[in-house]
Protein chains: 2
Amino acid sequence: MTESLRDIGEFGFIRRIAAGLPPAENVLERIGDDCAVVRVGDNLLLLTCDAAVEEIHFSFSTATPQDIGWRTATAAISDIGAMGGKPLFLTVALAMPAETPVAVAEALFGGIREAAAAHGLHVAGGDTTKSLTHVFMDITVIGLAGKRYLPRHSARPGDLLAVTGSPGRSAGGLVALQLKRAAPPLVRAHLRPQARIAEGQWLSEQPAVHAMIDVSDGLLQDAGHIAEASGLGVDIDPALLPLAEDLAQFQETLGVEPLDLVLAGGEDYELAVALAADGHKEVCRQFAATFSLPLTVVGRFTDTFKGSRVAGEPYDHTGYDHFRI
Amino acid sequence: MTESLRDIGEFGFIRRIAAGLPPAENVLERIGDDCAVVRVGDNLLLLTCDAAVEEIHFSFSTATPQDIGWRTATAAISDIGAMGGKPLFLTVALAMPAETPVAVAEALFGGIREAAAAHGLHVAGGDTTKSLTHVFMDITVIGLAGKRYLPRHSARPGDLLAVTGSPGRSAGGLVALQLKRAAPPLVRAHLRPQARIAEGQWLSEQPAVHAMIDVSDGLLQDAGHIAEASGLGVDIDPALLPLAEDLAQFQETLGVEPLDLVLAGGEDYELAVALAADGHKEVCRQFAATFSLPLTVVGRFTDTFKGSRVAGEPYDHTGYDHFRI
């Protein structure tokens with residue numbers, strides 16, 4: 001039987017194509033991190049793109065075009081934050097059926113423009129073209145690396161796993177939308193996520209922070225990406241997980257175990273970091289004081305096993321892999 | 001009735017969204033040219049993206065995945081050439097159905113990688129995701145501007161229109177593929193176009209060259225883009241048009257008037273320039289001597305009318321507008 005993308009999964013395919021690329025002196029980080037890091041003159045630039053497909057990543061039945069534009073742009077902008085960089089410019093590719101109302105197309109673009117303005121970057125250019133049936137968007141963001149950029153692959157054994165804010169709220173909002181149940185603050189978290197740009201820059205300046213990622217696929221899976229790239233394992237202690245008040249509040253409405261949402265729900269764009277155990281309390285204290293936002297230790301990286309675990313055991317819901325759902 | 005994208009066309013939509021963008025100090029050229037031109041530190045960067053959708057821009061029934069990857073990447077790389085810049089890096093967004101054979105996905109990516117290598121740039125990163133039915137690709141290229149970059153909007157009244165090489169061969173190849181007729185050199189021109197990078201850099205260094213564009217939508221339409229952006233009209237003299245030997249040779253096979261292909265056929269990625277009448281002969285002579293490729297004067301820009309004409313008259317086949325075909 002012919003092997004399909006479903007068989008090897010998104011990450012299997014990425015590993016294969018990354019293996020075929022020749023090394024390049026001015027490409028410091030390539031496929032496999034939140035951003036590519038490239039050298040242009042004296043500058044280190046961060047490059048990232050995020051694609052979104054109608055009925056896979058979004059649906060006009062659960063979100064306005066403006067919200068969809070915002071979310072897609074924020075997903076891409078967040079990757080710059082996850083390297084500790086400053087987003088500068090974005091380009092937009094939009095493929096839409098010719099029957100698309102102009103008002104819908106303008107609102108999609110309006111949401112992108114709004115997210116760019118909110119995060120301090122400029123829409124520089126793009127491409128617009130026709131598709132047969134569904135809307136497709138791709139947003140590429142160009143950013144500037146800080147004095148230090150934080151790839152995924154530099155966690156060390158014994159580092160702690162810490163996460164900003166309260167992940168899982170966006171996933172709760174998606175459940176509410178899909179089940180048509182009322183959970184307004186969670187729905188808002190899903191439709192209007194914020195990229196943690198200033199937080200990412202601050203974290204990248206702390207020597208105790210060794211690696212960073214944004215939580216787009218789910219905390220457990222994204223912590224697992226840090227672990228895998230660093231040749232380590234990661235164990236999450238469920239007793240330490242921050243649980244947003246509104247996730248607990250809407251538990252019955254949604255009928256979902258809140259901890260499942262915290263562990264496996266993506267698209268909050270919180271940041272997860274590998275943090276040296278030595279001095280971590282001071283980093284968490286200063287972070288909370290600076291941003292009025294918790295930075296919570298929720299687990300530990302180790303070289304005694306590979307993969308990601310919860311309370312020492314494998315966990316059922318590991319997050320999102322395109323091609324496998 | 002609700003106004004749709006078909007009603008206002010690709011360029012109508014681009015004009016609308018461009019009008020809504022606030023000016024930005026570090027964005028020198030924005031939507032409406034081949035590339036955006038942005039400032040990062042001491043460097044002027046060129047940004048461009050090109051999207052391609054299955055059954056709109058390409059079909060697996062007429063091209064191999066490798067050829068499709070090559071063509072899509074070359075279309076984006078060519079935009080850097082059209083500003084006289086040096087392409088440095090590209091990112092790829094690929095959305096594909098989960099049933100896509102891994103071999104097809106790898107070959108698509110292989111064609112992109114091959115085009116990047118052939119034009120001296122690196123694949124820096126990307127995003128891979130699932131689509132429901134068709135393959136969608138977006139390729140973003142980051143380049144470095146030369147000492148002088150050539151936008152579309154700087155043609156002057158009395159400038160001559162000149163074009164490199166022999167446009168129309170790619171369109172001839174597409175006709176051959178669609179009609180399943182044999183015209184091997186034209187089919188090759190369609191499947192494996194080359195971006196004119198060195199030629200674009202050389203042209204941007206000639207003070208007599210005032211504006212430049214790559215011929216992606218058809219010579220008449222792209223010359224019209226220069227004219228429109230410069231507030232001028234352009235008149236093409238059909239007697240001056242370069243006609244490739246193989247276009248004439250396969251005229252009967254294809255059953256298409258070759259001059260129609262030269263005027264309205266896109267995707268050869270030849271360069272069209274607005275050239276000062278004074279000294280143009282020397283520029284054309286030196287260009288031909290340097291690149292063993294003709295640079296042919298085919299028309300003239302004027303302030304006596306707006307729009308594009310052939311022998312002083314409007315012309316039926318003006319090229320490609322997404323949403324309107």
# chains A, B, ... in the order shown; residues from 1 in each chain; ligands from 1

$ select_by_dssp --residues "range 10-246 of chain B" --states "strand (DSSP E)" --output "mmCIF file with N, CA, C and O atoms, in the first residue's frame"
data_model
loop_
_atom_site.group_PDB
_atom_site.id
_atom_site.type_symbol
_atom_site.label_atom_id
_atom_site.label_comp_id
_atom_site.auth_asym_id
_atom_site.auth_seq_id
_atom_site.Cartn_x
_atom_site.Cartn_y
_atom_site.Cartn_z
ATOM 1 N N VAL B 27 8.432 50.674 6.178
ATOM 2 C CA VAL B 27 7.902 49.946 5.020
ATOM 3 C C VAL B 27 7.955 50.900 3.833
ATOM 4 O O VAL B 27 7.153 51.821 3.720
ATOM 5 N N LEU B 28 8.921 50.683 2.924
ATOM 6 C CA LEU B 28 9.156 51.632 1.829
ATOM 7 C C LEU B 28 8.240 51.379 0.635
ATOM 8 O O LEU B 28 7.821 52.316 -0.044
ATOM 9 N N GLU B 29 8.004 50.105 0.346
ATOM 10 C CA GLU B 29 7.029 49.748 -0.694
ATOM 11 C C GLU B 29 6.160 48.656 -0.113
ATOM 12 O O GLU B 29 6.656 47.766 0.565
ATOM 13 N N ALA B 36 7.397 43.673 -1.259
ATOM 14 C CA ALA B 36 7.439 44.741 -0.274
ATOM 15 C C ALA B 36 8.913 45.061 -0.026
ATOM 16 O O ALA B 36 9.774 44.194 -0.125
ATOM 17 N N VAL B 37 9.197 46.326 0.273
ATOM 18 C CA VAL B 37 10.560 46.736 0.618
ATOM 19 C C VAL B 37 10.505 47.270 2.039
ATOM 20 O O VAL B 37 9.755 48.217 2.319
ATOM 21 N N VAL B 38 11.256 46.636 2.947
ATOM 22 C CA VAL B 38 11.206 47.023 4.361
ATOM 23 C C VAL B 38 12.627 47.237 4.867
ATOM 24 O O VAL B 38 13.585 46.669 4.356
ATOM 25 N N ARG B 39 12.745 48.099 5.886
ATOM 26 C CA ARG B 39 14.051 48.390 6.458
ATOM 27 C C ARG B 39 14.228 47.606 7.765
ATOM 28 O O ARG B 39 13.369 47.625 8.643
ATOM 29 N N VAL B 40 15.352 46.890 7.870
ATOM 30 C CA VAL B 40 15.733 46.216 9.120
ATOM 31 C C VAL B 40 17.176 46.605 9.396
ATOM 32 O O VAL B 40 18.079 46.179 8.663
ATOM 33 N N ASN B 43 19.801 47.283 6.544
ATOM 34 C CA ASN B 43 19.481 46.555 5.320
ATOM 35 C C ASN B 43 18.088 46.874 4.810
ATOM 36 O O ASN B 43 17.170 47.078 5.591
ATOM 37 N N LEU B 44 17.952 46.918 3.493
ATOM 38 C CA LEU B 44 16.626 46.937 2.878
ATOM 39 C C LEU B 44 16.312 45.515 2.451
ATOM 40 O O LEU B 44 17.033 44.924 1.648
ATOM 41 N N LEU B 45 15.243 44.966 3.006
ATOM 42 C CA LEU B 45 14.839 43.606 2.657
ATOM 43 C C LEU B 45 13.674 43.644 1.676
ATOM 44 O O LEU B 45 12.839 44.543 1.723
ATOM 45 N N LEU B 46 13.628 42.633 0.824
ATOM 46 C CA LEU B 46 12.511 42.439 -0.096
ATOM 47 C C LEU B 46 11.704 41.235 0.387
ATOM 48 O O LEU B 46 12.280 40.187 0.691
ATOM 49 N N LEU B 47 10.402 41.383 0.476
ATOM 50 C CA LEU B 47 9.527 40.296 0.919
ATOM 51 C C LEU B 47 8.479 40.048 -0.153
ATOM 52 O O LEU B 47 7.876 40.990 -0.668
ATOM 53 N N THR B 48 8.252 38.784 -0.463
ATOM 54 C CA THR B 48 7.218 38.478 -1.440
ATOM 55 C C THR B 48 6.667 37.097 -1.165
ATOM 56 O O THR B 48 7.366 36.246 -0.619
ATOM 57 N N CYS B 49 5.395 36.861 -1.488
ATOM 58 C CA CYS B 49 4.878 35.499 -1.383
ATOM 59 C C CYS B 49 4.012 35.178 -2.588
ATOM 60 O O CYS B 49 3.437 36.061 -3.218
ATOM 61 N N ASP B 50 3.980 33.910 -2.944
ATOM 62 C CA ASP B 50 3.188 33.419 -4.064
ATOM 63 C C ASP B 50 2.454 32.173 -3.636
ATOM 64 O O ASP B 50 3.071 31.215 -3.172
ATOM 65 N N ALA B 51 1.157 32.195 -3.793
ATOM 66 C CA ALA B 51 0.332 31.047 -3.438
ATOM 67 C C ALA B 51 -0.064 30.300 -4.706
ATOM 68 O O ALA B 51 -0.227 30.899 -5.769
ATOM 69 N N ALA B 52 -0.188 28.993 -4.587
ATOM 70 C CA ALA B 52 -0.622 28.173 -5.723
ATOM 71 C C ALA B 52 -1.593 27.122 -5.211
ATOM 72 O O ALA B 52 -1.345 26.469 -4.203
ATOM 73 N N VAL B 53 -2.715 26.988 -5.912
ATOM 74 C CA VAL B 53 -3.792 26.104 -5.497
ATOM 75 C C VAL B 53 -3.992 25.039 -6.568
ATOM 76 O O VAL B 53 -4.021 25.359 -7.767
ATOM 77 N N LYS B 86 18.584 40.240 -4.411
ATOM 78 C CA LYS B 86 19.230 38.932 -4.284
ATOM 79 C C LYS B 86 18.365 38.082 -3.341
ATOM 80 O O LYS B 86 18.206 38.415 -2.173
ATOM 81 N N PRO B 87 17.798 36.971 -3.843
ATOM 82 C CA PRO B 87 16.980 36.132 -2.965
ATOM 83 C C PRO B 87 17.859 35.384 -1.968
ATOM 84 O O PRO B 87 18.895 34.845 -2.340
ATOM 85 N N LEU B 88 17.445 35.373 -0.697
ATOM 86 C CA LEU B 88 18.272 34.759 0.354
ATOM 87 C C LEU B 88 17.642 33.494 0.943
ATOM 88 O O LEU B 88 18.298 32.468 1.052
ATOM 89 N N PHE B 89 16.383 33.600 1.342
ATOM 90 C CA PHE B 89 15.741 32.504 2.063
ATOM 91 C C PHE B 89 14.300 32.363 1.587
ATOM 92 O O PHE B 89 13.701 33.327 1.136
ATOM 93 N N LEU B 90 13.766 31.139 1.743
ATOM 94 C CA LEU B 90 12.337 30.995 1.529
ATOM 95 C C LEU B 90 11.717 30.146 2.625
ATOM 96 O O LEU B 90 12.393 29.330 3.263
ATOM 97 N N THR B 91 10.426 30.392 2.869
ATOM 98 C CA THR B 91 9.636 29.531 3.740
ATOM 99 C C THR B 91 8.482 28.959 2.911
ATOM 100 O O THR B 91 8.036 29.584 1.946
ATOM 101 N N VAL B 92 8.035 27.772 3.291
ATOM 102 C CA VAL B 92 7.019 27.035 2.541
ATOM 103 C C VAL B 92 5.855 26.689 3.445
ATOM 104 O O VAL B 92 6.065 26.100 4.506
ATOM 105 N N ALA B 93 4.656 27.028 3.062
ATOM 106 C CA ALA B 93 3.464 26.488 3.718
ATOM 107 C C ALA B 93 2.826 25.512 2.745
ATOM 108 O O ALA B 93 2.612 25.837 1.579
ATOM 109 N N LEU B 94 2.563 24.313 3.231
ATOM 110 C CA LEU B 94 1.987 23.252 2.400
ATOM 111 C C LEU B 94 0.775 22.680 3.112
ATOM 112 O O LEU B 94 0.894 22.160 4.220
ATOM 113 N N ALA B 95 -0.407 22.784 2.497
ATOM 114 C CA ALA B 95 -1.597 22.128 3.030
ATOM 115 C C ALA B 95 -1.989 21.029 2.056
ATOM 116 O O ALA B 95 -2.133 21.282 0.849
ATOM 117 N N MET B 96 -2.121 19.827 2.587
ATOM 118 C CA MET B 96 -2.357 18.666 1.720
ATOM 119 C C MET B 96 -3.363 17.729 2.373
ATOM 120 O O MET B 96 -3.364 17.582 3.596
ATOM 121 N N HIS B 122 18.177 29.518 0.333
ATOM 122 C CA HIS B 122 18.003 28.407 1.255
ATOM 123 C C HIS B 122 16.560 28.270 1.704
ATOM 124 O O HIS B 122 15.897 29.261 1.971
ATOM 125 N N VAL B 123 16.099 27.042 1.819
ATOM 126 C CA VAL B 123 14.812 26.771 2.458
ATOM 127 C C VAL B 123 15.032 26.893 3.957
ATOM 128 O O VAL B 123 15.794 26.133 4.546
ATOM 129 N N ALA B 124 14.394 27.896 4.579
ATOM 130 C CA ALA B 124 14.677 28.173 5.991
ATOM 131 C C ALA B 124 13.644 27.537 6.915
ATOM 132 O O ALA B 124 13.977 27.164 8.040
ATOM 133 N N GLY B 125 12.413 27.408 6.495
ATOM 134 C CA GLY B 125 11.409 26.866 7.395
ATOM 135 C C GLY B 125 10.086 26.730 6.702
ATOM 136 O O GLY B 125 9.994 26.883 5.486
ATOM 137 N N GLY B 126 9.046 26.429 7.490
ATOM 138 C CA GLY B 126 7.755 26.280 6.861
ATOM 139 C C GLY B 126 6.698 25.779 7.804
ATOM 140 O O GLY B 126 6.895 25.712 9.012
ATOM 141 N N ASP B 127 5.554 25.450 7.233
ATOM 142 C CA ASP B 127 4.445 24.914 7.998
ATOM 143 C C ASP B 127 3.766 23.877 7.120
ATOM 144 O O ASP B 127 3.597 24.073 5.917
ATOM 145 N N THR B 128 3.406 22.750 7.731
ATOM 146 C CA THR B 128 2.746 21.672 7.004
ATOM 147 C C THR B 128 1.440 21.387 7.700
ATOM 148 O O THR B 128 1.412 21.254 8.918
ATOM 149 N N THR B 129 0.377 21.281 6.934
ATOM 150 C CA THR B 129 -0.897 21.031 7.577
ATOM 151 C C THR B 129 -1.829 20.299 6.626
ATOM 152 O O THR B 129 -1.489 20.037 5.475
ATOM 153 N N LYS B 130 -3.002 19.981 7.151
ATOM 154 C CA LYS B 130 -3.944 19.172 6.398
ATOM 155 C C LYS B 130 -4.924 20.081 5.665
ATOM 156 O O LYS B 130 -5.320 21.119 6.174
ATOM 157 N N PHE B 136 -2.584 23.052 -1.392
ATOM 158 C CA PHE B 136 -2.359 24.488 -1.403
ATOM 159 C C PHE B 136 -0.929 24.745 -0.966
ATOM 160 O O PHE B 136 -0.451 24.150 -0.016
ATOM 161 N N MET B 137 -0.237 25.619 -1.676
ATOM 162 C CA MET B 137 1.138 25.969 -1.340
ATOM 163 C C MET B 137 1.279 27.469 -1.256
ATOM 164 O O MET B 137 0.668 28.192 -2.053
ATOM 165 N N ASP B 138 2.085 27.931 -0.330
ATOM 166 C CA ASP B 138 2.466 29.345 -0.327
ATOM 167 C C ASP B 138 3.959 29.420 -0.080
ATOM 168 O O ASP B 138 4.456 28.801 0.861
ATOM 169 N N ILE B 139 4.637 30.147 -0.929
ATOM 170 C CA ILE B 139 6.083 30.281 -0.792
ATOM 171 C C ILE B 139 6.413 31.748 -0.566
ATOM 172 O O ILE B 139 6.018 32.611 -1.357
ATOM 173 N N THR B 140 7.088 32.024 0.542
ATOM 174 C CA THR B 140 7.500 33.386 0.862
ATOM 175 C C THR B 140 9.013 33.469 0.682
ATOM 176 O O THR B 140 9.738 32.589 1.148
ATOM 177 N N VAL B 141 9.465 34.502 -0.021
ATOM 178 C CA VAL B 141 10.900 34.676 -0.243
ATOM 179 C C VAL B 141 11.360 35.977 0.389
ATOM 180 O O VAL B 141 10.685 37.004 0.263
ATOM 181 N N ILE B 142 12.481 35.899 1.086
ATOM 182 C CA ILE B 142 13.102 37.067 1.695
ATOM 183 C C ILE B 142 14.392 37.326 0.911
ATOM 184 O O ILE B 142 15.219 36.434 0.742
ATOM 185 N N GLY B 143 14.529 38.555 0.424
ATOM 186 C CA GLY B 143 15.714 38.899 -0.353
ATOM 187 C C GLY B 143 16.311 40.201 0.139
ATOM 188 O O GLY B 143 15.741 40.899 0.981
ATOM 189 N N LEU B 144 17.472 40.498 -0.413
ATOM 190 C CA LEU B 144 18.191 41.715 -0.050
ATOM 191 C C LEU B 144 18.140 42.646 -1.255
ATOM 192 O O LEU B 144 18.445 42.236 -2.378
ATOM 193 N N LEU B 160 10.762 53.795 -23.079
ATOM 194 C CA LEU B 160 10.457 52.650 -23.929
ATOM 195 C C LEU B 160 10.130 51.446 -23.054
ATOM 196 O O LEU B 160 10.621 51.336 -21.926
ATOM 197 N N LEU B 161 9.287 50.549 -23.569
ATOM 198 C CA LEU B 161 9.028 49.265 -22.908
ATOM 199 C C LEU B 161 9.930 48.233 -23.562
ATOM 200 O O LEU B 161 9.926 48.084 -24.784
ATOM 201 N N ALA B 162 10.743 47.547 -22.755
ATOM 202 C CA ALA B 162 11.617 46.501 -23.304
ATOM 203 C C ALA B 162 11.414 45.236 -22.490
ATOM 204 O O ALA B 162 11.052 45.280 -21.308
ATOM 205 N N VAL B 163 11.638 44.092 -23.132
ATOM 206 C CA VAL B 163 11.421 42.809 -22.454
ATOM 207 C C VAL B 163 12.605 41.880 -22.731
ATOM 208 O O VAL B 163 13.185 41.910 -23.819
ATOM 209 N N THR B 164 12.956 41.090 -21.721
ATOM 210 C CA THR B 164 14.054 40.131 -21.887
ATOM 211 C C THR B 164 13.521 38.872 -22.575
ATOM 212 O O THR B 164 12.339 38.535 -22.460
ATOM 213 N N VAL B 209 17.296 52.469 -16.724
ATOM 214 C CA VAL B 209 16.124 51.634 -16.430
ATOM 215 C C VAL B 209 15.363 52.277 -15.274
ATOM 216 O O VAL B 209 15.909 52.476 -14.193
ATOM 217 N N HIS B 210 14.117 52.629 -15.507
ATOM 218 C CA HIS B 210 13.338 53.390 -14.522
ATOM 219 C C HIS B 210 12.368 52.539 -13.711
ATOM 220 O O HIS B 210 12.003 52.906 -12.593
ATOM 221 N N ALA B 211 11.870 51.431 -14.258
ATOM 222 C CA ALA B 211 10.887 50.591 -13.565
ATOM 223 C C ALA B 211 11.000 49.180 -14.120
ATOM 224 O O ALA B 211 11.475 48.985 -15.245
ATOM 225 N N MET B 212 10.582 48.216 -13.329
ATOM 226 C CA MET B 212 10.729 46.812 -13.755
ATOM 227 C C MET B 212 9.619 45.973 -13.141
ATOM 228 O O MET B 212 9.121 46.258 -12.058
ATOM 229 N N ILE B 213 9.270 44.887 -13.840
ATOM 230 C CA ILE B 213 8.267 43.926 -13.367
ATOM 231 C C ILE B 213 8.615 42.580 -13.986
ATOM 232 O O ILE B 213 9.291 42.538 -15.016
ATOM 233 N N ASP B 214 8.213 41.489 -13.350
ATOM 234 C CA ASP B 214 8.375 40.199 -14.047
ATOM 235 C C ASP B 214 7.063 39.840 -14.733
ATOM 236 O O ASP B 214 5.980 40.181 -14.260
ATOM 237 N N GLY B 233 0.075 55.526 -19.749
ATOM 238 C CA GLY B 233 -0.420 54.464 -20.613
ATOM 239 C C GLY B 233 0.765 53.808 -21.293
ATOM 240 O O GLY B 233 1.890 54.328 -21.246
ATOM 241 N N VAL B 234 0.510 52.641 -21.915
ATOM 242 C CA VAL B 234 1.591 51.978 -22.646
ATOM 243 C C VAL B 234 1.025 51.455 -23.957
ATOM 244 O O VAL B 234 -0.098 50.966 -24.011
ATOM 245 N N ASP B 235 1.819 51.632 -25.010
ATOM 246 C CA ASP B 235 1.407 51.160 -26.337
ATOM 247 C C ASP B 235 2.467 50.185 -26.845
ATOM 248 O O ASP B 235 3.653 50.526 -26.904
ATOM 249 N N ILE B 236 2.017 48.962 -27.173
ATOM 250 C CA ILE B 236 2.946 47.943 -27.672
ATOM 251 C C ILE B 236 2.842 47.888 -29.191
ATOM 252 O O ILE B 236 1.739 47.894 -29.748
#

$ residues_around --residues "Ala277 in chain A" --least-positions-apart "2" --cutoff "10 Å" --atoms "only C-alpha atoms" --output "NGL selection string"
:A and (158-161 or 208-209 or 274-275 or 279-281 or 297 or 300)

$ residues_around --residues "range 192-204 of chain A" --least-positions-apart "5" --cutoff "8 Å" --atoms "only C-alpha atoms" --output "PyMOL selection string"
chain A and resi 67+70-71+74-75+77-78+80-86+119+146+148-150+170+209+267-271+291

$ closest_residue --among "B:Gly173, B:Pro185, B:Gly224, B:Gly165" --to "Leu295 in chain B" --atoms "only C-alpha atoms"
B:Gly165

$ closest_residue --among "A:Gly110, A:Asp222, A:Leu243, A:Glu282" --to "Ala18 in chain B" --atoms "only C-alpha atoms"
A:Gly110

$ decode --residues "range 153-161 of chain A" --atoms "all heavy atoms" --output "tab-separated table (two decimals), in the first residue's frame"
chain	number	residue	atom	x	y	z
A	153	HIS	N	15.79	23.17	21.56
A	153	HIS	CA	16.66	21.99	21.77
A	153	HIS	C	17.67	22.16	22.89
A	153	HIS	O	18.61	21.39	22.99
A	153	HIS	CB	17.36	21.63	20.46
A	153	HIS	CG	18.15	22.76	19.86
A	153	HIS	ND1	19.22	23.34	20.48
A	153	HIS	CD2	18.00	23.42	18.68
A	153	HIS	CE1	19.70	24.30	19.71
A	153	HIS	NE2	18.96	24.39	18.62
A	154	SER	N	17.52	23.19	23.74
A	154	SER	CA	18.57	23.48	24.71
A	154	SER	C	18.14	23.28	26.16
A	154	SER	O	18.75	23.83	27.08
A	154	SER	CB	19.10	24.89	24.46
A	154	SER	OG	18.03	25.80	24.30
A	155	ALA	N	17.07	22.48	26.37
A	155	ALA	CA	16.73	22.11	27.75
A	155	ALA	C	17.78	21.15	28.29
A	155	ALA	O	18.43	20.43	27.52
A	155	ALA	CB	15.35	21.45	27.78
A	156	ARG	N	17.99	21.19	29.61
A	156	ARG	CA	19.01	20.33	30.23
A	156	ARG	C	18.35	19.39	31.24
A	156	ARG	O	17.32	19.73	31.83
A	156	ARG	CB	20.06	21.20	30.94
A	156	ARG	CG	20.67	22.22	29.99
A	156	ARG	CD	21.62	23.17	30.72
A	156	ARG	NE	21.84	24.37	29.91
A	156	ARG	CZ	22.49	25.45	30.34
A	156	ARG	NH1	22.98	25.50	31.58
A	156	ARG	NH2	22.65	26.50	29.54
A	157	PRO	N	18.94	18.24	31.49
A	157	PRO	CA	18.38	17.31	32.48
A	157	PRO	C	18.26	18.03	33.82
A	157	PRO	O	19.19	18.73	34.23
A	157	PRO	CB	19.41	16.18	32.57
A	157	PRO	CG	20.26	16.30	31.35
A	157	PRO	CD	20.22	17.74	30.92
A	158	GLY	N	17.15	17.86	34.50
A	158	GLY	CA	16.94	18.52	35.79
A	158	GLY	C	16.27	19.88	35.68
A	158	GLY	O	15.82	20.43	36.68
A	159	ASP	N	16.20	20.45	34.43
A	159	ASP	CA	15.46	21.71	34.25
A	159	ASP	C	14.00	21.50	34.64
A	159	ASP	O	13.44	20.41	34.46
A	159	ASP	CB	15.50	22.15	32.78
A	159	ASP	CG	16.77	22.92	32.44
A	159	ASP	OD1	17.60	23.16	33.35
A	159	ASP	OD2	16.94	23.25	31.24
A	160	LEU	N	13.40	22.57	35.12
A	160	LEU	CA	11.97	22.53	35.42
A	160	LEU	C	11.19	22.98	34.19
A	160	LEU	O	11.69	23.77	33.38
A	160	LEU	CB	11.67	23.46	36.60
A	160	LEU	CG	12.44	23.11	37.88
A	160	LEU	CD1	12.21	24.17	38.95
A	160	LEU	CD2	12.06	21.72	38.38
A	161	LEU	N	9.99	22.47	34.04
A	161	LEU	CA	9.06	22.95	33.01
A	161	LEU	C	8.14	23.97	33.67
A	161	LEU	O	7.51	23.67	34.69
A	161	LEU	CB	8.23	21.78	32.46
A	161	LEU	CG	7.05	22.16	31.55
A	161	LEU	CD1	7.53	22.76	30.24
A	161	LEU	CD2	6.16	20.93	31.28
